[in-house]
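Input: a single structure, listed below in structure tokens.
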Amino acid sequence: MKQVKDVNISINNRVFTIDLAIEDEELIETIFNALTEYVKKGSSIKIKEAYVTSLSDSLKIISKIVSNRAQMDEWRAEIKQLISIVRKGK
């Protein structure tokens, strides 16, 4: 039996938020695949990204719109790199 995954969901009157452990690459990849399919069908997504790369770093917030497969692949690569940096900063 596979290990149980931690998935935290927050819901309010504006957003549905999913929090996953950054170590859970398989689940993160599954979500990226679903978002990629959504974008491939012609829908755009507005991404609001917030992160801290180390304990001495300040919070960074980025907003972008992804509207095609190439942009989705680029964002996916950026996130993988960011996760790698965050893991090293622990």
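Within each chain, counting starts at residue 1; across the structure tokens, chains are named A, B, ... in the order shown, with ligands numbered 1 upward in that order.
Residues in contact with A:Trp75 at up to 12 Å, not including ones fewer than 3 positions away on its chain and judged by only C-alpha atoms, are Phe32, Leu35, Thr36, Ile45, Lys46, Ile47, Lys48, Glu49, Ile62, Ser63, Lys64, Ile65, Val66, Ser67, Asn68, Arg69, Ala70, Gln71, Met72, Glu78, Ile79, Lys80, Gln81 and Leu82 of chain A.
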Let me make sure I understand: among A:Ala77, A:Ile83, A:Ile9, A:Val4, which one has the smallest atom-to-atom distance to A:Tyr51 if we use only C-alpha atoms?
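Among A:Ala77, A:Ile83, A:Ile9, A:Val4, it is A:Ile83 that comes nearest to A:Tyr51.
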Once DSSP has gone over the backbone, tell me which residues of chain A are in alpha helix (DSSP H), as an NGL selection string.
:A and (25-40 or 69-88)
For atom CA of A:Met1 and atom CA of A:Glu37, the interatomic separation in Å (one decimal):
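Computing the Euclidean distance for atom CA of A:Met1 and atom CA of A:Glu37 yields 28.4 Å.
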Which of chain A end up as strand (DSSP E or B) when DSSP is run on this backbone - answer as a list in words?
Val7, Asn8, Ile9, Ser10, Ile11, Phe16, Thr17, Ile18, Asp19, Leu20, Ile45, Lys46, Ile47, Lys48, Glu49, Ala50, Tyr51, Lys60, Ile61, Ile62, Ser63, Lys64, Ile65 and Val66 of chain A
Could you tell me which of A:Arg87, A:Ser10, A:Lys40, A:Lys5 comes closest to A:Asp24 if we count only C-alpha atoms?
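With only C-alpha atoms as the atom set, the closest residue is A:Lys5.
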Interatomic distance (Å, one decimal) between atom CA of A:Ala50 and atom CA of A:Arg14
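Pair atom CA of A:Ala50 / atom CA of A:Arg14 returns 17.2 Å.
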Selection: 12 Å around A:Asp6, only C-alpha atoms, excl. self and same-chain fewer than 4 positions, as a count of residues only
9
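Of note, atom CA of A:Asp57 and atom CA of A:Val7 are spaced 25.9 Å apart.
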